[in-house]
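Working notes, structure below.
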Amino acid sequence: MNAPLASAAAARPRRIDVHVHMVGNGSSGSGCWFRRRGLTRHLIPFMMRELNLPGDALDGDFDNLYRHRLLQMVQASSLDVAVILAQDNVYHEDGTLWKERGSFYVPNSYVLQLAREHAEFLPAVSIHPARPDALEELDRCMAGGAVAFKLLPNCHNVDCSLPRYRAFWRRLAEAKLPFICHTGCESTVDETRPDLAHPHNLIAPLEAGVTVIAAHCATGQPVLGRDWFHVWVEMLKRHPNLYGDLSALSVPGRDRWLIACRRAGVVGRVLYGSDVPVLVQSWPALLRGRISFGQYLQLRRERNPLERNYSLLRLLGFPEEVFTRAGSLLRRPG
Ligand SMILES: [Zn+2]
C-alpha cells in the first residue's frame with residue numbers, strides 16, 4: 001500500500017469480517033481436530049480449491065496451511081481485520097463432555113494465540129455454559145484478549161433459557177462480550193438440537209443484557225427449512241441489543257433475504273461477516289438479476305473468497321457502516 005492510501009486506511013474506521021472460522025487438524029500442536037462428517041465431507045474438495053490449498057491438505061500440516069492462507073486472504077482484501085472463531089466441544093446439560101458429537105474443535109487458547117501474533121486477527125472464544133469451569137474459562141479468555149463469544153446452540157446443545165445458565169449470561173453482559181450465536185438452518189456442522197437454532201433461544205441472553213449477534217440473521221433454505229428471518233426482524237424491535245450478521249447469505253436459498261437486510265429498520269442492525277471457509281457463491285445473485293453478467297464474471301475471477309464476498313455485498317449496495325459496525329460492538333480488551 002502506498003503512503004497516501006495507507007494513511008487514508010488508518011483514518012477511517014476498520015472494516016471487520018465478524019464471522020471467519022479457524023479450523024485445524026492439530027498438526028502444529030494447536031489442539032484442533034476435525035471429523036469428516038455429513039455434508040461437509042463432500043464439500044471438503046471444493047473448500048480446499050476455494051482456499052487455494054492442496055486437496056490432501058487435511059492430511060498434512062493443515063494447521064499452518066490454513067492459518068497462513070487465511071492471513072494472506074485478509075491482508076490481500078479490502079478488509080482490515082477478521083474475527084476468528086473458536087469452537088468448543090459438545091456437552092450434555094449436566095456438564096459432561098459429549099464425546100461422540102461435534103464436527104470440529106478449536107481451542108480458545110489457539111485463537112487467542114493467533115490474535116496475539118497477528119494484528120489482522122481478533123479472537124472470539126467459545127465456551128459451553130454447562131462446563132463446570134465455564135466462568136473460570138470465561139475469565140481466562142477475557143484476560144487473554146477475547147473480543148467476542150461464539151456458540152452454535154443447535155450443535156453445542158445449549159438451551160439458553162435454562163436457569164442454570166443465567167449467571168453465565170450475566171457475566172457476558174458485565175464483560176461487554178458480544179455473543180455471536182448461530183441461528184437458522186445448518187448444513188455443514190453436526191447438529192444435536194436443531195430446534196435451538198430458533199432466534200427465540202436468544203431471549204435469555206438478550207434479557208440478561210448481552211449484545212447478541214444472530215449469525216445468518218436466522219435465515220434458512222427452502223429445502224432444509226427453518227427459516228426464521230421474519231421472527232428475527234420482529235425481535236429487532238423489542239431488543240435494542242440484538243443484531244445480525246450477513247455470513248453465508250450468498251448461499252442459495254438464504255440469499256433471498258439479502259436485499260431485505262438492506263431495508264430501513266434492518267440495515268442499521270446488520271454486521272458484515274463471510275463464514276469463510278464456507279463457500280462464497282455469486283451465481284445466485286446473478287440468477288436473481290441483482291448483478292450483471294459482467295459483474296458476475298468479475299467476481300468469479302476473484303480468487304480470494306474474503307474479497308469476493310466483500311465485493312458481492314458492495315455490489316448489492318450495502319453501505320460502509322455495515323462493514324465497520326462491529327468496531328463499536330466488539331469488546332475492547334485492556
Ligand atoms: Zn459459521
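Residues in the C-alpha cells are numbered from 1 in each chain, the chains being A, B, ... in the order shown, and ligands are numbered from 1 in the order shown.
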Spatial neighbours of Ala248 of chain A, 12 Å, only C-alpha atoms, chain gap at least 4 places, as a PyMOL selection string: chain A and resi 17-21+182-188+215-221+244+252-258+272-282+305-306+309-310+312-313
Those in segment 12-231 of chain A with alpha helix (DSSP H) from DSSP, as a PyMOL selection string: chain A and resi 38-50+62-75+108-117+134-143+153-156+166-174+203-207+229-231
Using only C-alpha atoms: which of A:Arg288, A:Arg238, A:Arg12, A:Arg67 has the shortest distance to Gly24 of chain A: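 Closest residue, counting only C-alpha atoms: A:Arg67.
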Spatial neighbours of Leu122 of chain A, max dist 9 Å, only C-alpha atoms, sep filter under 4 positions, as a PyMOL selection string: chain A and resi 18+81-85+111-112+114-116+118+145-148
Selection near Val90 of chain A, 9 Å with only C-alpha atoms, sequence-local residues under 4 positions removed, as a list in words: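 So, after excluding close chain neighbours, the residues are Thr96, Leu97, Trp98, Lys99, Glu100, Arg101, Gly102, His128, Cys155, His156, Asn157, Val158 and Thr192 of chain A.
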How would the residues just chosen look if you wrote them out with N, CA and C atoms as a PDB file, in the first residue's frame?
```pdb
ATOM      1  N   THR A  96     -21.254 -32.836  31.411  1.00  0.00           N
ATOM      2  CA  THR A  96     -20.284 -33.862  30.998  1.00  0.00           C
ATOM      3  C   THR A  96     -20.058 -33.769  29.487  1.00  0.00           C
ATOM      4  N   LEU A  97     -18.841 -34.056  29.105  1.00  0.00           N
ATOM      5  CA  LEU A  97     -18.457 -33.975  27.693  1.00  0.00           C
ATOM      6  C   LEU A  97     -19.235 -35.011  26.870  1.00  0.00           C
ATOM      7  N   TRP A  98     -19.755 -34.588  25.720  1.00  0.00           N
ATOM      8  CA  TRP A  98     -20.491 -35.487  24.821  1.00  0.00           C
ATOM      9  C   TRP A  98     -19.513 -35.836  23.691  1.00  0.00           C
ATOM     10  N   LYS A  99     -18.691 -36.847  23.983  1.00  0.00           N
ATOM     11  CA  LYS A  99     -17.524 -37.136  23.136  1.00  0.00           C
ATOM     12  C   LYS A  99     -17.836 -37.444  21.680  1.00  0.00           C
ATOM     13  N   GLU A 100     -18.961 -38.151  21.462  1.00  0.00           N
ATOM     14  CA  GLU A 100     -19.238 -38.628  20.100  1.00  0.00           C
ATOM     15  C   GLU A 100     -19.715 -37.498  19.195  1.00  0.00           C
ATOM     16  N   ARG A 101     -20.136 -36.383  19.771  1.00  0.00           N
ATOM     17  CA  ARG A 101     -20.728 -35.333  18.955  1.00  0.00           C
ATOM     18  C   ARG A 101     -19.695 -34.250  18.629  1.00  0.00           C
ATOM     19  N   GLY A 102     -20.056 -33.447  17.621  1.00  0.00           N
ATOM     20  CA  GLY A 102     -19.188 -32.342  17.218  1.00  0.00           C
ATOM     21  C   GLY A 102     -18.451 -32.661  15.928  1.00  0.00           C
ATOM     22  N   HIS A 128     -18.934 -23.812  26.343  1.00  0.00           N
ATOM     23  CA  HIS A 128     -20.263 -24.342  26.660  1.00  0.00           C
ATOM     24  C   HIS A 128     -20.608 -23.930  28.088  1.00  0.00           C
ATOM     25  N   CYS A 155     -25.898 -27.085  17.630  1.00  0.00           N
ATOM     26  CA  CYS A 155     -24.836 -28.091  17.541  1.00  0.00           C
ATOM     27  C   CYS A 155     -24.253 -28.372  18.929  1.00  0.00           C
ATOM     28  N   HIS A 156     -24.006 -27.301  19.699  1.00  0.00           N
ATOM     29  CA  HIS A 156     -23.380 -27.460  21.012  1.00  0.00           C
ATOM     30  C   HIS A 156     -24.332 -27.994  22.082  1.00  0.00           C
ATOM     31  N   ASN A 157     -25.648 -27.979  21.779  1.00  0.00           N
ATOM     32  CA  ASN A 157     -26.655 -28.431  22.748  1.00  0.00           C
ATOM     33  C   ASN A 157     -26.781 -27.414  23.896  1.00  0.00           C
ATOM     34  N   VAL A 158     -27.134 -26.183  23.534  1.00  0.00           N
ATOM     35  CA  VAL A 158     -27.284 -25.128  24.544  1.00  0.00           C
ATOM     36  C   VAL A 158     -28.692 -24.536  24.461  1.00  0.00           C
ATOM     37  N   THR A 192     -27.166 -31.363  17.257  1.00  0.00           N
ATOM     38  CA  THR A 192     -27.743 -32.182  18.330  1.00  0.00           C
ATOM     39  C   THR A 192     -29.196 -31.782  18.599  1.00  0.00           C
TER      40      THR A 192
END
```
Proximity to ligand 1 - best of A:Val106, A:Leu151, A:Leu297, A:Ile127, only C-alpha atoms and all ligand atoms: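 Using only C-alpha atoms and all ligand atoms, the shortest distance to ligand 1 belongs to A:Leu151.
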Nearest-residue call for Ile259 of chain A, choices A:His239, A:His230, A:Arg325, A:Arg290, using only C-alpha atoms: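 Using only C-alpha atoms, the shortest distance to Ile259 of chain A belongs to A:Arg290.
Atom to atom, atom CA of Ala175 of chain A and atom CA of Met142 of chain A stand 8.1 Å apart.
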DSSP strand (DSSP E) residues within segment 53-86 of chain A, as a list in words: Val81, Ala82, Val83, Ile84 and Leu85 of chain A
Selection file, N, CA and C atoms, as a PDB file, in the first residue's frame:
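File written: part_27.pdb
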```
ATOM      1  N   VAL A  81      -9.532  -6.369   9.371  1.00  0.00           N
ATOM      2  CA  VAL A  81      -9.366  -7.453  10.348  1.00  0.00           C
ATOM      3  C   VAL A  81     -10.495  -8.491  10.211  1.00  0.00           C
ATOM      4  N   ALA A  82     -10.214  -9.684  10.732  1.00  0.00           N
ATOM      5  CA  ALA A  82     -11.217 -10.757  10.743  1.00  0.00           C
ATOM      6  C   ALA A  82     -11.346 -11.291  12.160  1.00  0.00           C
ATOM      7  N   VAL A  83     -12.587 -11.484  12.602  1.00  0.00           N
ATOM      8  CA  VAL A  83     -12.832 -12.139  13.892  1.00  0.00           C
ATOM      9  C   VAL A  83     -12.747 -13.635  13.643  1.00  0.00           C
ATOM     10  N   ILE A  84     -11.759 -14.282  14.287  1.00  0.00           N
ATOM     11  CA  ILE A  84     -11.579 -15.727  14.090  1.00  0.00           C
ATOM     12  C   ILE A  84     -12.236 -16.467  15.255  1.00  0.00           C
ATOM     13  N   LEU A  85     -13.016 -17.485  14.911  1.00  0.00           N
ATOM     14  CA  LEU A  85     -13.908 -18.132  15.877  1.00  0.00           C
ATOM     15  C   LEU A  85     -13.330 -19.427  16.434  1.00  0.00           C
TER      16      LEU A  85
END
```
Distance criterion (only C-alpha atoms): nearest to Leu71 of chain A out of A:Glu50, A:Glu234, A:Asp88, A:Glu117: A:Glu117
Residue nearest Leu162 of chain A - candidates A:Pro178, A:Pro129, A:Pro333, A:Gly29, atoms counted: only C-alpha atoms: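 Using only C-alpha atoms, the shortest distance to Leu162 of chain A belongs to A:Pro129.
With only C-alpha atoms and all ligand atoms as the atoms that count, the minimum distance from ligand 1 to the choices A:Arg269, A:Leu249, A:Pro205, A:Arg41 is reached by A:Leu249.
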